[in-house]
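> Have a peek at work.csv (CSV, C-alpha atoms and all ligand atoms).
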```
chain,number,residue,atom,x,y,z
F,294,MET,CA,105.1,125.1,62.8
F,295,SER,CA,101.3,124.3,63.0
F,296,ARG,CA,99.6,124.5,66.3
F,297,ALA,CA,98.8,120.7,66.1
F,298,ALA,CA,102.5,120.0,65.5
F,299,ALA,CA,103.5,122.2,68.4
F,300,ASP,CA,100.9,120.4,70.7
F,301,ARG,CA,102.3,117.0,69.6
F,302,LEU,CA,105.8,118.1,70.4
F,303,ARG,CA,104.8,119.5,73.8
F,304,ALA,CA,103.0,116.2,74.6
F,305,ARG,CA,106.1,114.2,73.7
F,306,ALA,CA,108.3,116.5,75.8
F,307,ASP,CA,105.8,116.1,78.7
F,308,ALA,CA,105.9,112.3,78.4
F,309,ALA,CA,109.7,112.4,78.4
F,310,ARG,CA,109.7,114.6,81.5
F,311,VAL,CA,107.4,112.1,83.3
F,312,ALA,CA,109.7,109.3,82.4
F,313,LEU,CA,112.7,111.1,83.8
F,314,LEU,CA,111.4,112.8,86.9
F,315,PRO,CA,111.1,110.5,90.0
F,316,LEU,CA,108.5,112.8,91.4
F,317,SER,CA,106.2,115.4,90.0
F,318,VAL,CA,103.9,117.3,92.3
F,319,PRO,CA,101.5,120.2,91.5
F,320,SER,CA,103.1,123.5,92.5
F,321,THR,CA,99.9,125.3,93.5
F,322,ALA,CA,97.8,124.8,96.6
F,323,ASN,CA,94.4,123.0,96.2
F,324,ARG,CA,91.0,124.4,96.8
F,325,CYS,CA,91.4,124.1,100.6
F,326,ASP,CA,94.8,125.8,100.4
F,327,ALA,CA,96.5,122.5,101.3
F,328,ARG,CA,100.1,122.2,99.9
F,329,LEU,CA,102.2,119.1,99.3
F,330,ASP,CA,105.7,119.0,100.8
F,331,ARG,CA,107.8,117.7,98.0
F,332,ALA,CA,110.9,116.8,100.1
F,333,ALA,CA,108.8,114.9,102.7
F,334,ILE,CA,107.1,113.0,99.9
F,335,GLU,CA,110.5,112.1,98.3
F,336,ARG,CA,111.7,110.8,101.7
F,337,PHE,CA,108.6,108.7,102.1
F,338,ILE,CA,108.9,107.3,98.6
F,339,SER,CA,112.4,106.2,99.4
F,340,ILE,CA,111.4,104.6,102.7
F,341,LEU,CA,108.7,102.6,100.8
F,342,GLY,CA,111.3,101.6,98.2
F,343,ILE,CA,109.2,102.9,95.2
F,344,ARG,CA,111.5,102.6,92.2
F,345,HIS,CA,109.4,104.2,89.4
F,346,PRO,CA,108.4,107.9,88.9
F,347,VAL,CA,105.5,109.2,90.8
F,348,VAL,CA,103.2,111.9,89.4
F,349,VAL,CA,100.7,113.6,91.8
F,350,THR,CA,97.9,115.7,90.4
F,351,TRP,CA,94.9,117.5,91.9
F,352,THR,CA,91.7,116.0,90.5
F,353,PRO,CA,88.0,116.7,90.9
F,354,PHE,CA,86.3,113.5,91.8
F,355,PRO,CA,82.5,113.2,91.2
F,356,ASN,CA,81.9,111.4,94.6
F,357,ASP,CA,83.5,111.8,98.0
F,358,ARG,CA,86.6,109.8,97.0
F,359,ARG,CA,89.8,111.4,98.3
F,360,GLY,CA,92.3,109.9,96.0
F,361,ASP,CA,93.4,107.0,93.8
F,362,HIS,CA,96.4,105.4,92.3
F,363,LEU,CA,97.1,104.2,88.8
F,364,TRP,CA,100.0,102.0,87.8
F,365,GLN,CA,100.5,103.5,84.3
F,366,ARG,CA,101.6,100.7,81.9
F,367,GLY,CA,104.0,99.5,84.6
F,368,ARG,CA,106.1,102.5,84.0
F,369,TYR,CA,105.1,105.2,86.4
F,370,HIS,CA,102.6,105.9,89.2
F,371,ARG,CA,99.9,108.4,88.8
F,372,ILE,CA,98.3,109.5,92.1
F,373,ARG,CA,95.2,111.6,91.9
F,374,VAL,CA,94.2,113.6,95.0
F,375,ALA,CA,90.8,115.3,95.3
F,376,PHE,CA,91.3,119.0,94.6
F,377,ASP,CA,89.1,119.8,97.6
F,378,VAL,CA,90.5,117.4,100.2
F,379,PRO,CA,91.0,119.3,103.5
F,380,ALA,CA,94.6,119.8,104.6
F,381,ARG,CA,94.1,117.6,107.7
F,382,GLN,CA,93.2,114.6,105.4
F,383,LEU,CA,95.7,115.3,102.6
F,384,ALA,CA,98.8,113.6,104.2
F,385,ALA,CA,96.8,110.5,105.1
F,386,THR,CA,95.4,110.3,101.6
F,387,LEU,CA,98.8,110.6,100.1
F,388,VAL,CA,100.4,108.0,102.4
F,389,HIS,CA,97.6,105.6,101.5
F,390,GLU,CA,98.0,106.0,97.7
F,391,LEU,CA,101.8,105.8,98.0
F,392,VAL,CA,101.6,102.5,99.8
F,393,HIS,CA,99.4,101.2,96.9
F,394,ALA,CA,102.1,102.5,94.5
F,395,ALA,CA,104.7,100.4,96.4
F,396,GLN,CA,102.4,97.4,96.4
F,397,SER,CA,101.7,97.6,92.7
F,398,GLU,CA,105.4,97.4,91.8
F,399,GLY,CA,105.2,93.7,92.5
F,400,TYR,CA,103.0,93.4,89.4
F,401,PRO,CA,103.9,94.0,85.8
F,402,SER,CA,100.9,96.1,84.8
F,403,HIS,CA,97.9,97.9,86.3
F,404,ARG,CA,95.6,95.2,85.1
F,405,GLU,CA,97.5,92.4,87.0
F,406,TRP,CA,97.9,94.6,90.1
F,407,ARG,CA,94.1,95.4,90.0
F,408,ALA,CA,93.2,91.7,89.5
F,409,ALA,CA,95.2,90.8,92.7
F,410,TYR,CA,93.7,93.6,94.6
F,411,ASP,CA,90.1,92.7,93.5
F,412,ARG,CA,90.7,89.1,94.3
F,413,GLU,CA,91.5,90.1,97.9
F,414,THR,CA,88.4,92.2,98.1
F,415,ASP,CA,86.2,89.4,96.7
F,416,LEU,CA,87.7,86.9,99.2
F,417,HIS,CA,87.8,89.0,102.3
F,418,GLY,CA,85.9,92.2,101.7
F,419,TYR,CA,87.4,95.7,101.4
F,420,GLY,CA,88.1,96.1,105.1
F,421,ALA,CA,90.1,92.9,105.4
F,422,ASN,CA,91.8,93.2,102.0
F,423,ARG,CA,95.5,92.7,102.9
F,424,PHE,CA,96.6,95.6,100.7
F,425,GLU,CA,94.2,98.0,102.5
F,426,ARG,CA,95.3,96.6,105.9
F,427,ALA,CA,98.9,97.4,105.0
F,428,CYS,CA,97.8,100.9,104.0
F,429,ARG,CA,96.1,101.5,107.3
F,430,GLU,CA,99.0,100.1,109.3
F,431,ILE,CA,101.6,102.2,107.5
F,432,ALA,CA,99.4,105.3,107.6
F,433,ALA,CA,99.0,104.8,111.4
F,434,GLN,CA,102.8,104.5,111.8
F,435,PHE,CA,103.9,107.4,109.6
F,436,SER,CA,101.1,110.0,109.3
F,437,ARG,CA,102.2,111.8,112.5
F,438,ASP,CA,105.9,111.8,111.8
F,439,PHE,CA,105.7,112.5,108.1
F,440,ARG,CA,104.0,115.7,107.3
F,441,LEU,CA,103.6,115.2,103.6
F,442,ALA,CA,101.4,118.3,103.3
F,443,SER,CA,100.6,121.5,105.1
X,1,ZN,ZN,93.2,101.8,99.2
```
Would you mind writing the file out in structure tokens?


Amino acid sequence: MSRAAADRLRARADAARVALLPLSVPSTANRCDARLDRAAIERFISILGIRHPVVVTWTPFPNDRRGDHLWQRGRYHRIRVAFDVPARQLAATLVHELVHAAQSEGYPSHREWRAAYDRETDLHGYGANRFERACREIAAQFSRDFRLAS
């Protein structure tokens, strides 16, 4: 089998795994030695009522952004967390992005979710955007009880 064919096969297997796994988290610690607690994340996902698979990855961001969420083709959530986010900020970042994941499931695609989100920001500004307000409220409620990271 050629290397290209093997790569294609592996990519298909990876895609299938993503479709089957409810949660995928990076197994290694990030640059600040922060680690994600898979079981705690799973409990929080179920509390939020997220129905689709969630994939979490460490990502280098070019700015001081800590994380983001992508609603991938309305099939699974991809949450990217800055690979150098300090441990004390990691749980709050993850809670924030998981709330966005729950919110986005009310929309059939990332484009429609993003349009609703941007409309809120246009009308009320980032701080009063109702999606962001919900993130802050839930983070304030859960960040202490739920240690999603260590
Ligand atoms: Zn947000």

> Which residue out of F:Ser443, F:Gln382, F:Gln434, F:Asn422 has the minimum interatomic distance to ligand ZN 1 (chain X) when only C-alpha atoms and all ligand atoms are used?

F:Asn422

> Which one of F:Ala327, F:Ile334, F:Ala322, F:Met294 sits closest to Glu390 in chain F if you count all atoms listed in the file?

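Going through F:Ala327, F:Ile334, F:Ala322, F:Met294 one by one, the smallest distance to Glu390 in chain F is for F:Ile334.
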
> Mind running chain F against ligand ZN 1 (chain X) at 10 Å and telling me each contacting residue's nearest atom pair with the distance in Å (one decimal), counting all atoms listed in the file, chain and number ascending, as JSON lines?


```
{"residue": "F:Gly360", "atom": "CA", "partner": "X:ZN1", "partner_atom": "ZN", "distance": 8.8}
{"residue": "F:Asp361", "atom": "CA", "partner": "X:ZN1", "partner_atom": "ZN", "distance": 7.5}
{"residue": "F:His362", "atom": "CA", "partner": "X:ZN1", "partner_atom": "ZN", "distance": 8.4}
{"residue": "F:Thr386", "atom": "CA", "partner": "X:ZN1", "partner_atom": "ZN", "distance": 9.1}
{"residue": "F:His389", "atom": "CA", "partner": "X:ZN1", "partner_atom": "ZN", "distance": 6.3}
{"residue": "F:Glu390", "atom": "CA", "partner": "X:ZN1", "partner_atom": "ZN", "distance": 6.6}
{"residue": "F:Leu391", "atom": "CA", "partner": "X:ZN1", "partner_atom": "ZN", "distance": 9.6}
{"residue": "F:Val392", "atom": "CA", "partner": "X:ZN1", "partner_atom": "ZN", "distance": 8.5}
{"residue": "F:His393", "atom": "CA", "partner": "X:ZN1", "partner_atom": "ZN", "distance": 6.6}
{"residue": "F:Tyr410", "atom": "CA", "partner": "X:ZN1", "partner_atom": "ZN", "distance": 9.4}
{"residue": "F:Tyr419", "atom": "CA", "partner": "X:ZN1", "partner_atom": "ZN", "distance": 8.7}
{"residue": "F:Gly420", "atom": "CA", "partner": "X:ZN1", "partner_atom": "ZN", "distance": 9.7}
{"residue": "F:Asn422", "atom": "CA", "partner": "X:ZN1", "partner_atom": "ZN", "distance": 9.2}
{"residue": "F:Phe424", "atom": "CA", "partner": "X:ZN1", "partner_atom": "ZN", "distance": 7.2}
{"residue": "F:Glu425", "atom": "CA", "partner": "X:ZN1", "partner_atom": "ZN", "distance": 5.1}
{"residue": "F:Arg426", "atom": "CA", "partner": "X:ZN1", "partner_atom": "ZN", "distance": 8.7}
{"residue": "F:Ala427", "atom": "CA", "partner": "X:ZN1", "partner_atom": "ZN", "distance": 9.2}
{"residue": "F:Cys428", "atom": "CA", "partner": "X:ZN1", "partner_atom": "ZN", "distance": 6.7}
{"residue": "F:Arg429", "atom": "CA", "partner": "X:ZN1", "partner_atom": "ZN", "distance": 8.6}
```

> Using the selection just defined, write its residues with C-alpha atoms as a compact mmCIF listing (two decimals), keeping the file's coordinate frame.


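Done, and the output landed in out37.txt:
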```txt
# COMPACT_ATOMS: atom_id res chain seq x y z
CA GLY F 360 92.30 109.90 96.00
CA ASP F 361 93.40 107.00 93.80
CA HIS F 362 96.40 105.40 92.30
CA THR F 386 95.40 110.30 101.60
CA HIS F 389 97.60 105.60 101.50
CA GLU F 390 98.00 106.00 97.70
CA LEU F 391 101.80 105.80 98.00
CA VAL F 392 101.60 102.50 99.80
CA HIS F 393 99.40 101.20 96.90
CA TYR F 410 93.70 93.60 94.60
CA TYR F 419 87.40 95.70 101.40
CA GLY F 420 88.10 96.10 105.10
CA ASN F 422 91.80 93.20 102.00
CA PHE F 424 96.60 95.60 100.70
CA GLU F 425 94.20 98.00 102.50
CA ARG F 426 95.30 96.60 105.90
CA ALA F 427 98.90 97.40 105.00
CA CYS F 428 97.80 100.90 104.00
CA ARG F 429 96.10 101.50 107.30
```

> What gap, in Å, lies between CA of Pro346 in chain F and CA of Ser397 in chain F?

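According to the coordinates, CA of Pro346 in chain F and CA of Ser397 in chain F are separated by 12.9 Å.
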
> So which one's closest to Pro379 in chain F, F:Ala395, F:Cys325, F:Ala332, F:Ile431? Using all atoms listed in the file, please.

F:Cys325

> Which residue out of F:Arg412, F:Ala385, F:Val348, F:Pro401 has the minimum interatomic distance to Ala432 in chain F when only C-alpha atoms are used?

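For Ala432 in chain F, the nearest of the candidates is F:Ala385.
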
> As number ranges by chain, please: the residues near His370 in chain F (cut-off 6 Å, only C-alpha atoms, same-chain neighbours under 6 positions excluded).

F: 347, 363-364

> How would range 358-391 of chain F read, as an mmCIF file, in the frame of the given file, once N, CA and C atoms are built in?


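Output below, filename selection02.cif:
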```
data_model
loop_
_atom_site.group_PDB
_atom_site.id
_atom_site.type_symbol
_atom_site.label_atom_id
_atom_site.label_comp_id
_atom_site.auth_asym_id
_atom_site.auth_seq_id
_atom_site.Cartn_x
_atom_site.Cartn_y
_atom_site.Cartn_z
ATOM 1 N N ARG F 358 85.287 110.435 97.072
ATOM 2 C CA ARG F 358 86.600 109.800 97.000
ATOM 3 C C ARG F 358 87.691 110.864 97.257
ATOM 4 N N ARG F 359 88.736 110.486 98.024
ATOM 5 C CA ARG F 359 89.800 111.400 98.300
ATOM 6 C C ARG F 359 91.012 111.282 97.401
ATOM 7 N N GLY F 360 91.188 110.064 96.875
ATOM 8 C CA GLY F 360 92.300 109.900 96.000
ATOM 9 C C GLY F 360 92.321 108.519 95.364
ATOM 10 N N ASP F 361 93.170 108.329 94.365
ATOM 11 C CA ASP F 361 93.400 107.000 93.800
ATOM 12 C C ASP F 361 94.772 106.872 93.228
ATOM 13 N N HIS F 362 95.115 105.652 92.854
ATOM 14 C CA HIS F 362 96.400 105.400 92.300
ATOM 15 C C HIS F 362 96.289 104.551 91.053
ATOM 16 N N LEU F 363 97.041 104.927 90.028
ATOM 17 C CA LEU F 363 97.100 104.200 88.800
ATOM 18 C C LEU F 363 98.501 103.789 88.471
ATOM 19 N N TRP F 364 98.683 102.519 88.149
ATOM 20 C CA TRP F 364 100.000 102.000 87.800
ATOM 21 C C TRP F 364 100.100 102.043 86.295
ATOM 22 N N GLN F 365 100.617 103.161 85.772
ATOM 23 C CA GLN F 365 100.500 103.500 84.300
ATOM 24 C C GLN F 365 101.448 102.610 83.509
ATOM 25 N N ARG F 366 100.859 101.619 82.845
ATOM 26 C CA ARG F 366 101.600 100.700 81.900
ATOM 27 C C ARG F 366 102.847 100.140 82.601
ATOM 28 N N GLY F 367 102.811 100.002 83.919
ATOM 29 C CA GLY F 367 104.000 99.500 84.600
ATOM 30 C C GLY F 367 105.194 100.345 84.490
ATOM 31 N N ARG F 368 104.987 101.649 84.159
ATOM 32 C CA ARG F 368 106.100 102.500 84.000
ATOM 33 C C ARG F 368 106.203 103.661 84.991
ATOM 34 N N TYR F 369 105.054 104.186 85.369
ATOM 35 C CA TYR F 369 105.100 105.200 86.400
ATOM 36 C C TYR F 369 103.761 105.211 87.161
ATOM 37 N N HIS F 370 103.762 105.828 88.325
ATOM 38 C CA HIS F 370 102.600 105.900 89.200
ATOM 39 C C HIS F 370 101.895 107.227 89.000
ATOM 40 N N ARG F 371 100.612 107.175 88.840
ATOM 41 C CA ARG F 371 99.900 108.400 88.800
ATOM 42 C C ARG F 371 98.942 108.409 90.018
ATOM 43 N N ILE F 372 99.145 109.365 90.909
ATOM 44 C CA ILE F 372 98.300 109.500 92.100
ATOM 45 C C ILE F 372 97.462 110.734 91.947
ATOM 46 N N ARG F 373 96.166 110.524 91.999
ATOM 47 C CA ARG F 373 95.200 111.600 91.900
ATOM 48 C C ARG F 373 94.660 111.920 93.274
ATOM 49 N N VAL F 374 94.727 113.176 93.681
ATOM 50 C CA VAL F 374 94.200 113.600 95.000
ATOM 51 C C VAL F 374 93.079 114.567 94.756
ATOM 52 N N ALA F 375 91.984 114.376 95.481
ATOM 53 C CA ALA F 375 90.800 115.300 95.300
ATOM 54 C C ALA F 375 91.242 116.717 95.508
ATOM 55 N N PHE F 376 90.860 117.582 94.571
ATOM 56 C CA PHE F 376 91.300 119.000 94.600
ATOM 57 C C PHE F 376 90.701 119.744 95.778
ATOM 58 N N ASP F 377 89.698 119.140 96.434
ATOM 59 C CA ASP F 377 89.100 119.800 97.600
ATOM 60 C C ASP F 377 89.273 119.056 98.878
ATOM 61 N N VAL F 378 90.294 118.184 98.920
ATOM 62 C CA VAL F 378 90.500 117.400 100.200
ATOM 63 C C VAL F 378 91.107 118.425 101.214
ATOM 64 N N PRO F 379 90.524 118.407 102.424
ATOM 65 C CA PRO F 379 91.000 119.300 103.500
ATOM 66 C C PRO F 379 92.458 118.994 103.849
ATOM 67 N N ALA F 380 93.188 119.997 104.268
ATOM 68 C CA ALA F 380 94.600 119.800 104.600
ATOM 69 C C ALA F 380 94.813 118.709 105.614
ATOM 70 N N ARG F 381 93.931 118.589 106.591
ATOM 71 C CA ARG F 381 94.100 117.600 107.700
ATOM 72 C C ARG F 381 94.003 116.164 107.118
ATOM 73 N N GLN F 382 93.374 115.969 105.963
ATOM 74 C CA GLN F 382 93.200 114.600 105.400
ATOM 75 C C GLN F 382 94.179 114.363 104.240
ATOM 76 N N LEU F 383 94.876 115.406 103.827
ATOM 77 C CA LEU F 383 95.700 115.300 102.600
ATOM 78 C C LEU F 383 96.875 114.310 102.840
ATOM 79 N N ALA F 384 97.589 114.446 103.967
ATOM 80 C CA ALA F 384 98.800 113.600 104.200
ATOM 81 C C ALA F 384 98.358 112.130 104.266
ATOM 82 N N ALA F 385 97.270 111.844 104.989
ATOM 83 C CA ALA F 385 96.800 110.500 105.100
ATOM 84 C C ALA F 385 96.425 109.874 103.763
ATOM 85 N N THR F 386 95.788 110.703 102.945
ATOM 86 C CA THR F 386 95.400 110.300 101.600
ATOM 87 C C THR F 386 96.626 109.916 100.780
ATOM 88 N N LEU F 387 97.611 110.798 100.850
ATOM 89 C CA LEU F 387 98.800 110.600 100.100
ATOM 90 C C LEU F 387 99.592 109.357 100.532
ATOM 91 N N VAL F 388 99.727 109.189 101.851
ATOM 92 C CA VAL F 388 100.400 108.000 102.400
ATOM 93 C C VAL F 388 99.670 106.752 101.867
ATOM 94 N N HIS F 389 98.362 106.739 101.951
ATOM 95 C CA HIS F 389 97.600 105.600 101.500
ATOM 96 C C HIS F 389 97.869 105.248 100.044
ATOM 97 N N GLU F 390 97.820 106.252 99.183
ATOM 98 C CA GLU F 390 98.000 106.000 97.700
ATOM 99 C C GLU F 390 99.460 105.618 97.432
ATOM 100 N N LEU F 391 100.414 106.188 98.179
ATOM 101 C CA LEU F 391 101.800 105.800 98.000
ATOM 102 C C LEU F 391 102.082 104.379 98.367
#
```
